[in-house]
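Q: Structure provided below as structure tokens; questions to follow.
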Amino acid sequence: MVDRHGAIVRGDTTSRQIALVFTGDEFADGGEVISKVLQKHQAKASFFLTGRFYRNPDFKGLIRELKKDGHYLGAHSDEHLLYCDWTKRDSLLVTREQFSEDLQRNYQRMEAFGVKKSDAPYYLPPYEWYNHSIANWTEAEGLQLVNFSPGTRSAADYTYPEMGNRYVSSETVLQSIMGYEAKDRNGLNGFMLLLHIGTDPRREDKFYHRLDEMMTLLEQKGYRFVRLDDLLEQRKN
């Protein structure tokens, strides 16, 4: 399923598989918890991390552990650039050259962990915000643009109370996921569910502490958690 801006946003809706997608830039406080929960469930996930994340010395051990456990490691831009205007989406804020150079630096950071560009052909844009130009530029780089499946509040797990009415509690996030699963005719089949590997300290209600609960509930409904590339390419684990 491709959205109108050119990104794949969902896999096969007849397959009872979900891709957990974690993004990371400056925070990684949930990394250890998330890693252990995935091990407990014998599940694979996908981690799209910025160059800043990859080059942070405090995160190196976590990244190596995620790679060792067989999770997908991908790119999320080197400096977490905003590609286009929030209110005028067709208005680009970066040039083709800036986009390309930033993206290449992200992949260079990944090579330090033994992850080649050919190992990570799916690209999740920073802020999950892009337009057709970005999708075309991504394709020209030999990559496929992807984004989370719309319909739940999972991506709001980074918010904190000081944001006012933009803040979304972990309970609300969980209920939105389970509510969507119950009401959509395809449930969460082929879903790309985006969460964050770490969040601002001002958010004390960390959703990663509900990850085990969420995965258990969904496994009871017959879902399997797979890497994003396995979800989209229908490879067998």
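By order of appearance in the structure tokens: chains A, B, ..., then residues from 1 within every chain, and ligands from 1 in the order shown.
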So that I can check the surroundings of His196 (chain A), please list as an MDAnalysis selection string every protein, DNA and RNA residue that reaches within 8 Å of it, counting only C-alpha atoms and ignoring chain neighbours fewer than 2 positions away.

A: chainID A and resid 22:24 155 157:158 194 198:199

Q: Compile the contact shell of region 164-171 of chain A as a PDB file with all heavy atoms, in the first residue's frame: residues with an atom at most 7 Å away, counting only C-alpha atoms, same-chain residues fewer than 4 positions apart removed.

A:
```pdb
ATOM      1  N   ALA A 156       2.750   8.995  18.534  1.00  0.00           N
ATOM      2  CA  ALA A 156       2.697  10.079  19.520  1.00  0.00           C
ATOM      3  C   ALA A 156       3.290   9.657  20.862  1.00  0.00           C
ATOM      4  O   ALA A 156       3.178  10.381  21.846  1.00  0.00           O
ATOM      5  CB  ALA A 156       1.257  10.544  19.710  1.00  0.00           C
ATOM      6  N   ASP A 157       3.962   8.512  20.898  1.00  0.00           N
ATOM      7  CA  ASP A 157       4.533   8.046  22.156  1.00  0.00           C
ATOM      8  C   ASP A 157       5.724   8.895  22.618  1.00  0.00           C
ATOM      9  O   ASP A 157       6.242   8.688  23.704  1.00  0.00           O
ATOM     10  CB  ASP A 157       4.952   6.576  22.062  1.00  0.00           C
ATOM     11  CG  ASP A 157       6.164   6.369  21.170  1.00  0.00           C
ATOM     12  OD1 ASP A 157       6.362   7.146  20.228  1.00  0.00           O
ATOM     13  OD2 ASP A 157       6.919   5.402  21.427  1.00  0.00           O
ATOM     14  N   THR A 159       5.480  12.273  22.877  1.00  0.00           N
ATOM     15  CA  THR A 159       4.961  13.530  23.415  1.00  0.00           C
ATOM     16  C   THR A 159       5.098  13.588  24.935  1.00  0.00           C
ATOM     17  O   THR A 159       5.194  12.557  25.601  1.00  0.00           O
ATOM     18  CB  THR A 159       3.484  13.728  23.025  1.00  0.00           C
ATOM     19  OG1 THR A 159       2.705  12.639  23.534  1.00  0.00           O
ATOM     20  CG2 THR A 159       3.327  13.789  21.502  1.00  0.00           C
ATOM     21  N   TYR A 160       5.092  14.805  25.480  1.00  0.00           N
ATOM     22  CA  TYR A 160       5.197  14.982  26.935  1.00  0.00           C
ATOM     23  C   TYR A 160       4.203  16.059  27.382  1.00  0.00           C
ATOM     24  O   TYR A 160       3.722  16.857  26.561  1.00  0.00           O
ATOM     25  CB  TYR A 160       6.629  15.328  27.348  1.00  0.00           C
ATOM     26  CG  TYR A 160       7.321  16.364  26.496  1.00  0.00           C
ATOM     27  CD1 TYR A 160       7.194  17.725  26.769  1.00  0.00           C
ATOM     28  CD2 TYR A 160       8.120  15.982  25.421  1.00  0.00           C
ATOM     29  CE1 TYR A 160       7.845  18.677  25.991  1.00  0.00           C
ATOM     30  CE2 TYR A 160       8.770  16.929  24.637  1.00  0.00           C
ATOM     31  CZ  TYR A 160       8.627  18.279  24.933  1.00  0.00           C
ATOM     32  OH  TYR A 160       9.274  19.215  24.157  1.00  0.00           O
ATOM     33  N   GLN A 175      -4.732   1.913  23.658  1.00  0.00           N
ATOM     34  CA  GLN A 175      -6.142   1.757  23.301  1.00  0.00           C
ATOM     35  C   GLN A 175      -6.390   2.088  21.838  1.00  0.00           C
ATOM     36  O   GLN A 175      -7.259   1.484  21.192  1.00  0.00           O
ATOM     37  CB  GLN A 175      -7.019   2.612  24.220  1.00  0.00           C
ATOM     38  CG  GLN A 175      -7.071   2.124  25.663  1.00  0.00           C
ATOM     39  CD  GLN A 175      -7.481   0.672  25.792  1.00  0.00           C
ATOM     40  OE1 GLN A 175      -8.383   0.198  25.094  1.00  0.00           O
ATOM     41  NE2 GLN A 175      -6.808  -0.055  26.682  1.00  0.00           N
ATOM     42  N   ASP A 205       5.755   8.820  31.398  1.00  0.00           N
ATOM     43  CA  ASP A 205       4.866   7.705  31.060  1.00  0.00           C
ATOM     44  C   ASP A 205       5.376   7.058  29.767  1.00  0.00           C
ATOM     45  O   ASP A 205       4.848   7.291  28.687  1.00  0.00           O
ATOM     46  CB  ASP A 205       3.441   8.251  30.904  1.00  0.00           C
ATOM     47  CG  ASP A 205       2.448   7.193  30.472  1.00  0.00           C
ATOM     48  OD1 ASP A 205       2.682   6.007  30.755  1.00  0.00           O
ATOM     49  OD2 ASP A 205       1.432   7.562  29.839  1.00  0.00           O
ATOM     50  N   LYS A 206       6.420   6.247  29.901  1.00  0.00           N
ATOM     51  CA  LYS A 206       7.092   5.681  28.726  1.00  0.00           C
ATOM     52  C   LYS A 206       6.310   4.509  28.146  1.00  0.00           C
ATOM     53  O   LYS A 206       6.033   3.527  28.850  1.00  0.00           O
ATOM     54  CB  LYS A 206       8.489   5.211  29.107  1.00  0.00           C
ATOM     55  CG  LYS A 206       9.356   6.273  29.784  1.00  0.00           C
ATOM     56  CD  LYS A 206       9.835   7.338  28.813  1.00  0.00           C
ATOM     57  CE  LYS A 206      10.901   8.227  29.455  1.00  0.00           C
ATOM     58  NZ  LYS A 206      11.428   9.242  28.534  1.00  0.00           N
ATOM     59  N   PHE A 207       6.002   4.602  26.846  1.00  0.00           N
ATOM     60  CA  PHE A 207       5.201   3.536  26.250  1.00  0.00           C
ATOM     61  C   PHE A 207       5.964   2.221  26.147  1.00  0.00           C
ATOM     62  O   PHE A 207       5.350   1.145  26.159  1.00  0.00           O
ATOM     63  CB  PHE A 207       4.692   3.932  24.853  1.00  0.00           C
ATOM     64  CG  PHE A 207       3.753   2.903  24.277  1.00  0.00           C
ATOM     65  CD1 PHE A 207       2.454   2.792  24.731  1.00  0.00           C
ATOM     66  CD2 PHE A 207       4.192   2.012  23.303  1.00  0.00           C
ATOM     67  CE1 PHE A 207       1.598   1.810  24.229  1.00  0.00           C
ATOM     68  CE2 PHE A 207       3.341   1.037  22.796  1.00  0.00           C
ATOM     69  CZ  PHE A 207       2.050   0.946  23.255  1.00  0.00           C
TER      70      PHE A 207
END
```

Q: Go through A:Ala45, A:Leu231, A:Leu211, A:Leu124 one by one, measure the shortest atom-to-atom distance of each to Val33 (chain A) using only C-alpha atoms, and give the residue with the smallest value.

A: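 Nearest to Val33 (chain A): A:Leu211.
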
Q: Near Gly61 (chain A), within 12 Å and counting only C-alpha atoms, which residues show up once chain neighbours fewer than 5 positions away are dropped, as number ranges by chain?

A: A: 28, 31-32, 35, 53-56, 66-68, 113

Q: Between A:Ile134, A:Leu103, A:Leu81, A:Leu49, single out the one closest to Ala7 (chain A), counting only C-alpha atoms.

A: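 For Ala7 (chain A), the nearest of the given residues is A:Ile134.
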
Q: Determine, counting only C-alpha atoms, which protein, DNA and RNA residues have an atom within 8 Å of an atom of Val21 (chain A); residues of the same chain fewer than 4 positions away are not included. Present the result as a list in words.

A: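 Residues meeting the cut-off are Ala45, Ser46, Phe47, Phe48, Phe148, Met192, Leu193, Leu194, Leu195 and Leu228 of chain A.
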
Q: Expressed in Å to a single decimal, how great is the separation between CA of Asp85 (chain A) and CA of Ala135 (chain A)?

A: 15.4 Å

Q: Mind pulling up the distance from CA of Leu73 (chain A) to CA of Asp119 (chain A)?

A: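 About the pair CA of Asp119 (chain A) and CA of Leu73 (chain A): they are 8.4 Å apart.
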
Q: As a list in words, please: all residues of region 117-215 of chain A that backbone DSSP puts in alpha helix (DSSP H).

A: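 Output for region 117-215 of chain A, alpha helix (DSSP H) only: His132, Ser133, Ile134, Ala135, Asn136, Trp137, Thr138, Glu139, Ala140, Ser170, Glu171, Thr172, Val173, Leu174, Gln175, Ser176, Ile177, Met178, Gly179, Tyr180, Glu181, Ala182, Lys183, Leu211, Asp212, Glu213, Met214 and Met215 of chain A.
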
Q: Deliver the residues from the most recent selection as a file, using N, CA and C atoms, as a short mmCIF file (atom, residue, chain, number, x, y, z; two decimals), in the first residue's frame.

A:
```cif
data_model
loop_
_atom_site.label_atom_id
_atom_site.label_comp_id
_atom_site.auth_asym_id
_atom_site.auth_seq_id
_atom_site.Cartn_x
_atom_site.Cartn_y
_atom_site.Cartn_z
N HIS A 132 6.41 14.11 -2.78
CA HIS A 132 6.77 13.30 -3.95
C HIS A 132 8.21 13.52 -4.39
N SER A 133 8.71 14.74 -4.22
CA SER A 133 10.10 15.00 -4.59
C SER A 133 11.05 14.15 -3.76
N ILE A 134 10.79 14.07 -2.46
CA ILE A 134 11.62 13.25 -1.57
C ILE A 134 11.52 11.78 -1.95
N ALA A 135 10.32 11.33 -2.28
CA ALA A 135 10.14 9.93 -2.70
C ALA A 135 10.94 9.65 -3.97
N ASN A 136 10.92 10.60 -4.91
CA ASN A 136 11.67 10.43 -6.16
C ASN A 136 13.17 10.47 -5.92
N TRP A 137 13.63 11.38 -5.07
CA TRP A 137 15.05 11.46 -4.75
C TRP A 137 15.52 10.18 -4.05
N THR A 138 14.68 9.65 -3.18
CA THR A 138 15.02 8.41 -2.48
C THR A 138 15.17 7.27 -3.48
N GLU A 139 14.25 7.20 -4.43
CA GLU A 139 14.32 6.16 -5.46
C GLU A 139 15.58 6.30 -6.30
N ALA A 140 15.95 7.55 -6.59
CA ALA A 140 17.17 7.80 -7.37
C ALA A 140 18.42 7.37 -6.63
N SER A 170 0.32 6.90 27.40
CA SER A 170 0.59 5.55 26.94
C SER A 170 -0.68 4.70 26.90
N GLU A 171 -1.57 4.92 27.83
CA GLU A 171 -2.85 4.20 27.81
C GLU A 171 -3.65 4.54 26.56
N THR A 172 -3.66 5.82 26.20
CA THR A 172 -4.37 6.24 24.99
C THR A 172 -3.73 5.64 23.74
N VAL A 173 -2.40 5.59 23.73
CA VAL A 173 -1.68 4.98 22.60
C VAL A 173 -2.08 3.52 22.47
N LEU A 174 -2.03 2.79 23.58
CA LEU A 174 -2.37 1.36 23.55
C LEU A 174 -3.81 1.14 23.11
N GLN A 175 -4.73 1.91 23.66
CA GLN A 175 -6.14 1.76 23.30
C GLN A 175 -6.39 2.09 21.84
N SER A 176 -5.63 3.05 21.29
CA SER A 176 -5.80 3.39 19.88
C SER A 176 -5.36 2.23 18.98
N ILE A 177 -4.30 1.54 19.39
CA ILE A 177 -3.81 0.40 18.62
C ILE A 177 -4.80 -0.75 18.67
N MET A 178 -5.24 -1.08 19.86
CA MET A 178 -6.18 -2.20 20.00
C MET A 178 -7.55 -1.85 19.42
N GLY A 179 -7.93 -0.58 19.52
CA GLY A 179 -9.20 -0.15 18.95
C GLY A 179 -9.20 -0.25 17.44
N TYR A 180 -8.08 0.15 16.82
CA TYR A 180 -7.97 0.06 15.36
C TYR A 180 -8.02 -1.41 14.93
N GLU A 181 -7.32 -2.25 15.68
CA GLU A 181 -7.29 -3.67 15.35
C GLU A 181 -8.70 -4.26 15.35
N ALA A 182 -9.51 -3.82 16.31
CA ALA A 182 -10.86 -4.36 16.46
C ALA A 182 -11.83 -3.87 15.39
N LYS A 183 -11.64 -2.64 14.94
CA LYS A 183 -12.65 -2.06 14.05
C LYS A 183 -12.30 -2.17 12.56
N LEU A 211 5.10 -2.20 26.07
CA LEU A 211 5.37 -2.97 24.85
C LEU A 211 5.07 -4.46 25.03
N ASP A 212 5.52 -5.02 26.14
CA ASP A 212 5.28 -6.44 26.42
C ASP A 212 3.78 -6.73 26.45
N GLU A 213 3.04 -5.86 27.12
CA GLU A 213 1.58 -6.02 27.20
C GLU A 213 0.94 -5.97 25.82
N MET A 214 1.35 -4.98 25.02
CA MET A 214 0.79 -4.83 23.68
C MET A 214 1.08 -6.06 22.82
N MET A 215 2.34 -6.50 22.84
CA MET A 215 2.71 -7.65 22.01
C MET A 215 1.97 -8.91 22.45
#
```

Q: Nearest to Phe191 (chain A) among A:Ser149, A:His41, A:Gln144, A:Trp86, with distances taken over only C-alpha atoms: which residue is it?

A: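 Among the listed residues, the smallest separation from Phe191 (chain A) belongs to A:Ser149.
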
Q: Hey, what's within 7 Å of Ile18 (chain A) if we count only C-alpha atoms and toss same-chain stuff fewer than 3 positions away? As a ChimeraX atom specification, please?

A: /A:188-192,223-226
